[in-house]
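Trainee: First, the structure itself, so that you have it in front of you.
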Amino acid sequence: MIAVSSLRPTTTRGAIGLAVGVAILAALAVVPFVLPSYRTALFVLTFMYITLASSWNIISGYTGYVSFGHAAFFGLGAYSAALLMIRLSVHWILACIAGGLLAAVVAVPLGFILLRLRGPYFAISMLGLSAALQIVASSWTPMTRGGSGLSLPPTLNLVESYFAMALSMLVVLFVSYLIITSRYGLRLIAIREDEGAAESMGINTTAHKVSAFVISAFFPGLVGGVYAWYLAYIDPTSVFRPILSIDMIIMSMFGGAGTVFGPVIGGVVLTAIAEAFWARLPELHQAVFGVLVIIIVLFMPGGVMNLLRTRGLLPRNWRI
Amino acid sequence: MSSILEVEGLKVSFGGLTAVNGLSFAITEGSITGLIGPNGSGKTTAFNLISGVIKPDAGRVVLNGRNVAGWAPHRITAQGLARTYQISRVFGQMTVWENMMVAAGRATHPPAERARLLLERVNLYDHRDAMGADLSYGQAKLLEIVRSLMLEPKLLLLDEPFAGVNPTMGQTVLAILHELHAEGLTILVVDHAMSIIMNLCERLLVMDMGALIADGPSTQIQQNEEVIEAYFGRRGAKLVEAAAGATNSDGEA
């Protein structure tokens with residue numbers, strides 16, 4: 001057995017984690033049945049953001065390629081799933097999976113091309129990709145109905161939407177856990193740390209980067225589909241909006257990029273903050289996010305998880 | 001003994017500057033060879049060309065019988081070459097142990113056992129949970145060497161393993177290199193620590209202006225006029241010659 005298993009929690013810590021996890025899952029399972037619709041809808045939104053931030057985290061947090069345009073995959077999944085449901089009457093679950101798969105397939109050639117770029121160049125290229133797809137969705141009127149958007153039959157089933165988003169979130173978190181506790185994850189971190197040295201260690205960096213990119217594209221595509229089905233309406237500005245990509249980054253960074261639970265913390269805290277401000281100070285809620293970015297960059301560059309690591313509450317190489 | 005590495009007519013230019021110009025040499029299996037030369041002579045560029053970090057404009061790099069010139073570094077590594085860098089490139093946000101495991105892909109031994117043995121060899125096993133960023137410069141150099149050994153290379157390229165290392169740590173590096181050589185590993189080492197290189201290496205290759213200007217046993221290289229001139233310049237070479245002559249005269253007197 002390769003000793004990277006030491007990256008996984010010890011038996012005692014694992015047992016405690018498992019117990020807490022089961023308790024949380026049990027509590028989440030009853031949420032849509034006991035909370036009012038508004039609160040349940042807030043959970044759906046939170047799950048979606050956690051899924052998006054966790055997906056972003058795989059290519060950007062683990063591998064170090066910061067994407068400013070992951071909304072591209074969300075929009076791609078949303079549109080493809082919506083079109084499958086509208087035009088071919090595909091079942092929503094299959095349509096959502098197809099949305100994820102299409103985003104993943106598109107990510108393969110894109111990865112080979114864009115992941116040759118480093119740092120700001122990659123970030124900007126992703127931003128450009130998202131903007132380009134938004135233009136395509138806006139101008140390909142015969143297929144997408146352009147700026148008018150696509151309307152789907154209303155689902156009126158919040159419980160199914162809740163569990164679909166929850167399941168997407170749990171799967172991406174499980175995948176993130178498997179990645180970061182494996183030698184594959186270690187290699188992604190090596191690429192983030194020093195790509196040249198990683199290559200000299202025999203790591204096929206192109207294959208690793210592209211595969212991480214593909215995984216990180218699948219889940220936004222998947223939840224894009226769920227989002228389209230849940231809201232029963234999408235348009236180019238709602239699913240390709242740049243602020244969605246920025247939200248993924250901020251949430252991941254706030255919680256701790258490069259860790260499994262960082263995006264969870266970021267997703268929960270920032271969705272709650274955004275919701276509170278949106279309800280009370282609608283004109284200020286984006287400004288609050290801006291201030292948060294400044295605070296993160298200045299005072300906690302590694303996010304909450306890094307704060308816990310530097311305070312000795314977590315081991316320094318803790319990535320879960 | 002057969003050649004494990006054959007470099008033939010290797011050439012690369014950056015803009016108007018030809019950094020390596022028709023470099024040719026061969027390295028015998030099991031040997032320990034030093035590659036020396038003044039600053040800017042092209043030693044590190046030669047290493048980068050051999051290990052695939054830079055693609056050559058022309059020439060061949062035959063490693064284990066296969067021309068690997070222009071290959072991606074990870075493919076060259078899979079062919080049996082490992083290298084270290086002039087400035088240590090340990091992964092700072094990984095523990096010492098993780099640094100070892102990340103290179104374990106193609107190791108034939110059980111990786112954990114091999115990592116333990118290698119870390120014990122350089123007294124880093126007790127520091128296995130330390131972060132790479134927390135190591136001293138010398139420790140990072142040692143870790144980089146043993147990490148490259150996780151790949152079980154047939155040829156090890158070491159770029160200035162003694163640079164910036166304190167004398168005690170330098171002795172540890174030296175001892176490790178002697179051991180590895182005794183175990184049959186082929187080593188090509190670049191360094192400016194001439195006294196160490198002269199004692200460590202059976203054979204020296206000397207580069208200047210991107211080309212090989214001398215090749216031979218270290219005792220012979222020390223006397224080579226072209227080498228002395230490359231290091232000290234024409235005027236300096238005369239001074240060295242005069243000093244040597246004076247020493248001889250004094251000795252005779």
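If you're wondering about the labels, chains in the structure tokens are A, B, ... by order shown, residues count from 1 in each chain, ligands from 1 in order shown.
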Sorted by chain and rising residue number, list the residues of chain A at most 9 Å from chain B (counting only C-alpha atoms), each with its closest atom pair and distance in Å to one decimal, as a Markdown table.
Mentor:
```
| residue | atom | partner | partner_atom | distance |
| --- | --- | --- | --- | --- |
| A:Met1 | CA | B:Ala112 | CA | 8.1 |
| A:Ile2 | CA | B:Ala112 | CA | 6.1 |
| A:Ala3 | CA | B:Ala112 | CA | 5.7 |
| A:Val4 | CA | B:Met101 | CA | 7.0 |
| A:Leu7 | CA | B:Glu98 | CA | 8.8 |
| A:Arg183 | CA | B:Val102 | CA | 6.6 |
| A:Tyr184 | CA | B:Val102 | CA | 8.6 |
| A:Leu186 | CA | B:Val102 | CA | 6.1 |
| A:Arg187 | CA | B:Val102 | CA | 6.0 |
| A:Ile189 | CA | B:Met94 | CA | 8.2 |
| A:Ala190 | CA | B:Phe91 | CA | 6.5 |
| A:Glu193 | CA | B:Phe91 | CA | 5.9 |
| A:Asp194 | CA | B:Phe91 | CA | 7.0 |
| A:Gly196 | CA | B:Val53 | CA | 7.6 |
| A:Ala197 | CA | B:Arg89 | CA | 6.3 |
| A:Ala198 | CA | B:Ala103 | CA | 8.3 |
| A:Glu199 | CA | B:His74 | CA | 5.2 |
| A:Ser200 | CA | B:Pro73 | CA | 5.6 |
| A:Met201 | CA | B:Ala103 | CA | 5.3 |
| A:Gly202 | CA | B:His74 | CA | 4.0 |
| A:Ile203 | CA | B:His74 | CA | 5.6 |
| A:Asn204 | CA | B:His74 | CA | 5.7 |
| A:Thr205 | CA | B:His74 | CA | 8.1 |
| A:Arg316 | CA | B:Met131 | CA | 7.6 |
| A:Asn317 | CA | B:Met94 | CA | 6.5 |
```
Trainee: So which residues touch Glu6 (chain B) within 7 Å, counting only C-alpha atoms, skipping near sequence neighbours fewer than 2 positions away, as a ChimeraX atom specification?
Mentor: /B:3-4,8,25-27,61-63
Trainee: Nearest residue to Ala166 (chain A) out of A:Gly256, A:Val288, A:Ala29, A:Val239, using only C-alpha atoms?
Mentor: A:Ala29
Trainee: When you count only C-alpha atoms, which of these residues is closest to Leu200 (chain B): B:Val20, B:Leu156, B:Leu5, B:Ile176?
Mentor: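 The answer is B:Ile176, which sits nearest to Leu200 (chain B).
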Trainee: Taking the backbone alone, and naming residues the way the document does, which bits of region 38-163 of chain B are alpha helix (DSSP H) by DSSP, as number ranges by chain?
Mentor: B: 43-51, 73-78, 96-102, 111-121, 137-149
Trainee: Pull C-alpha atoms from the residues just selected and write them as a compact mmCIF listing (two decimals), in the first residue's frame.
Mentor:
```txt
# COMPACT_ATOMS: atom_id res chain seq x y z
CA LYS B 43 26.35 23.98 -18.56
CA THR B 44 22.85 24.42 -17.18
CA THR B 45 21.47 24.95 -20.68
CA ALA B 46 23.11 21.66 -21.67
CA PHE B 47 21.38 19.99 -18.70
CA ASN B 48 18.09 21.56 -19.73
CA LEU B 49 18.53 20.27 -23.27
CA ILE B 50 19.39 16.76 -22.14
CA SER B 51 16.50 16.58 -19.67
CA PRO B 73 10.76 15.91 -19.68
CA HIS B 74 8.43 13.28 -18.20
CA ARG B 75 9.12 10.95 -21.12
CA ILE B 76 12.86 11.42 -20.71
CA THR B 77 12.46 10.70 -16.99
CA ALA B 78 10.64 7.48 -17.88
CA VAL B 96 9.13 15.82 3.04
CA TRP B 97 7.32 12.48 2.81
CA GLU B 98 4.89 13.76 0.17
CA ASN B 99 7.81 15.14 -1.82
CA MET B 100 9.18 11.61 -1.94
CA MET B 101 5.86 9.97 -2.77
CA VAL B 102 5.05 12.32 -5.60
CA PRO B 111 7.67 3.21 -2.71
CA ALA B 112 7.14 3.71 1.02
CA GLU B 113 10.04 1.43 1.90
CA ARG B 114 12.27 3.07 -0.68
CA ALA B 115 11.32 6.54 0.56
CA ARG B 116 12.10 5.56 4.15
CA LEU B 117 15.50 4.11 3.23
CA LEU B 118 16.45 7.12 1.15
CA LEU B 119 15.34 9.63 3.78
CA GLU B 120 17.23 7.74 6.49
CA ARG B 121 20.30 7.88 4.32
CA TYR B 137 18.72 25.16 2.08
CA GLY B 138 21.07 22.22 2.58
CA GLN B 139 18.26 19.90 3.66
CA ALA B 140 16.25 20.94 0.61
CA LYS B 141 19.23 20.07 -1.60
CA LEU B 142 19.50 16.66 0.02
CA LEU B 143 15.77 16.08 -0.30
CA GLU B 144 15.88 16.99 -3.96
CA ILE B 145 18.66 14.46 -4.54
CA VAL B 146 16.91 11.60 -2.74
CA ARG B 147 13.58 12.55 -4.29
CA SER B 148 15.13 12.15 -7.72
CA LEU B 149 16.38 8.73 -6.62
```
Trainee: Can you pull out every residue within 10 Å of Gly225 (chain A), counting only C-alpha atoms, but drop anything in the same chain fewer than 5 positions away, and send it as a list in words?
Mentor: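 Skipping anything fewer than 5 positions along the chain leaves Phe74, Gly75, Leu76, Gly77, Ala78, Tyr79, Ser80, Ala81, Ala82, Leu83, Leu84, Met85, Trp92, Ile93, Leu94, Ala95, Cys96, Ile97, Ala98, Gly99, Gly100, Phe219, Pro220 and Tyr230 of chain A.
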Trainee: When distances are computed from only C-alpha atoms, which of B:Gly184, B:Gly65, B:Gly216, B:Gly210 shows the smallest separation from Gly30 (chain B)?
Mentor: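 Looking only at the distances to Gly30 (chain B), the closest residue turns out to be B:Gly184.
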Trainee: Name all residues at most 9 Å from Thr237 (chain A) (count only C-alpha atoms; drop same-chain ones fewer than 5 positions away) and give them as a list in words.
Mentor: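 Residues near the query, excluding close chain neighbours: Gln134, Ser138, Gly147 and Pro242 of chain A.
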Trainee: Taking 4 positions as the minimum chain separation for residues in the same chain, which residues sit within 8 Å of Asn224 (chain B) when counting only C-alpha atoms? Answer as a PDB file with N, CA and C atoms, in the first residue's frame.
Mentor:
```
ATOM      1  N   ALA B 214      37.387  20.910 -23.465  1.00  0.00           N
ATOM      2  CA  ALA B 214      38.319  19.900 -22.945  1.00  0.00           C
ATOM      3  C   ALA B 214      37.536  18.724 -22.394  1.00  0.00           C
ATOM      4  N   GLN B 220      44.543  15.983 -15.714  1.00  0.00           N
ATOM      5  CA  GLN B 220      44.929  16.526 -17.015  1.00  0.00           C
ATOM      6  C   GLN B 220      44.243  17.883 -17.260  1.00  0.00           C
ATOM      7  N   ILE B 228      42.330  26.897 -18.503  1.00  0.00           N
ATOM      8  CA  ILE B 228      42.808  27.983 -17.633  1.00  0.00           C
ATOM      9  C   ILE B 228      42.460  29.337 -18.262  1.00  0.00           C
TER      10      ILE B 228
END
```
Trainee: Determine the nearest neighbour of Thr46 (chain A) from the options A:Val260, A:Ile265, A:Leu114, A:Ala123, counting only C-alpha atoms.
Mentor: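 Of A:Val260, A:Ile265, A:Leu114, A:Ala123, the one nearest Thr46 (chain A) is A:Ile265, counting only C-alpha atoms.
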Trainee: So that I can check the surroundings of Val108 (chain A), please list as a list of chain:residue names every protein, DNA and RNA residue that reaches within 12 Å of it, counting only C-alpha atoms and ignoring chain neighbours fewer than 5 positions away.
Mentor: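 Counting only C-alpha atoms, the residues come to A:Leu101, A:Leu102, A:Ala103, A:Ile113, A:Leu114, A:Leu115, A:Thr206, A:Ala207, A:His208, A:Lys209, A:Val210, A:Ser211, A:Ala212, A:Phe213, A:Val214, A:Ile215, A:Ser216, A:Ala217, A:Phe218.
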Trainee: Next, dump the selected residues to file, keeping only C-alpha atoms, as a PDB file, in the first residue's frame.
Mentor:
```
ATOM      1  CA  LEU A 101     -20.852  15.244 -20.008  1.00  0.00           C
ATOM      2  CA  LEU A 102     -20.994  17.826 -22.786  1.00  0.00           C
ATOM      3  CA  ALA A 103     -19.160  20.340 -20.599  1.00  0.00           C
ATOM      4  CA  ILE A 113      -5.197  24.478 -25.893  1.00  0.00           C
ATOM      5  CA  LEU A 114      -5.774  26.773 -22.903  1.00  0.00           C
ATOM      6  CA  LEU A 115      -3.733  24.936 -20.281  1.00  0.00           C
ATOM      7  CA  THR A 206      -0.476  17.928 -19.684  1.00  0.00           C
ATOM      8  CA  ALA A 207      -2.472  14.752 -19.023  1.00  0.00           C
ATOM      9  CA  HIS A 208      -2.913  15.638 -15.359  1.00  0.00           C
ATOM     10  CA  LYS A 209      -3.966  19.227 -16.031  1.00  0.00           C
ATOM     11  CA  VAL A 210      -6.415  18.296 -18.774  1.00  0.00           C
ATOM     12  CA  SER A 211      -7.984  15.508 -16.699  1.00  0.00           C
ATOM     13  CA  ALA A 212      -8.386  17.873 -13.718  1.00  0.00           C
ATOM     14  CA  PHE A 213      -9.897  20.474 -16.048  1.00  0.00           C
ATOM     15  CA  VAL A 214     -12.352  17.919 -17.442  1.00  0.00           C
ATOM     16  CA  ILE A 215     -13.461  16.836 -13.953  1.00  0.00           C
ATOM     17  CA  SER A 216     -13.810  20.465 -12.907  1.00  0.00           C
ATOM     18  CA  ALA A 217     -15.952  21.154 -16.000  1.00  0.00           C
ATOM     19  CA  PHE A 218     -18.308  18.195 -15.534  1.00  0.00           C
TER      20      PHE A 218
END
```
Trainee: In terms of the shortest atom-to-atom distance over only C-alpha atoms, which of B:Arg203, B:Lys154, B:Leu135, B:Val68 is closest to Pro217 (chain B)?
Mentor: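 Checking each candidate against Pro217 (chain B), we get B:Arg203 as the closest.
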Trainee: Just to confirm, what's the straight-line distance from CA of Leu110 (chain A) to CA of Ile58 (chain A) in Å (one decimal)?
Mentor: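 Pair CA of Leu110 (chain A) / CA of Ile58 (chain A) returns 16.1 Å.
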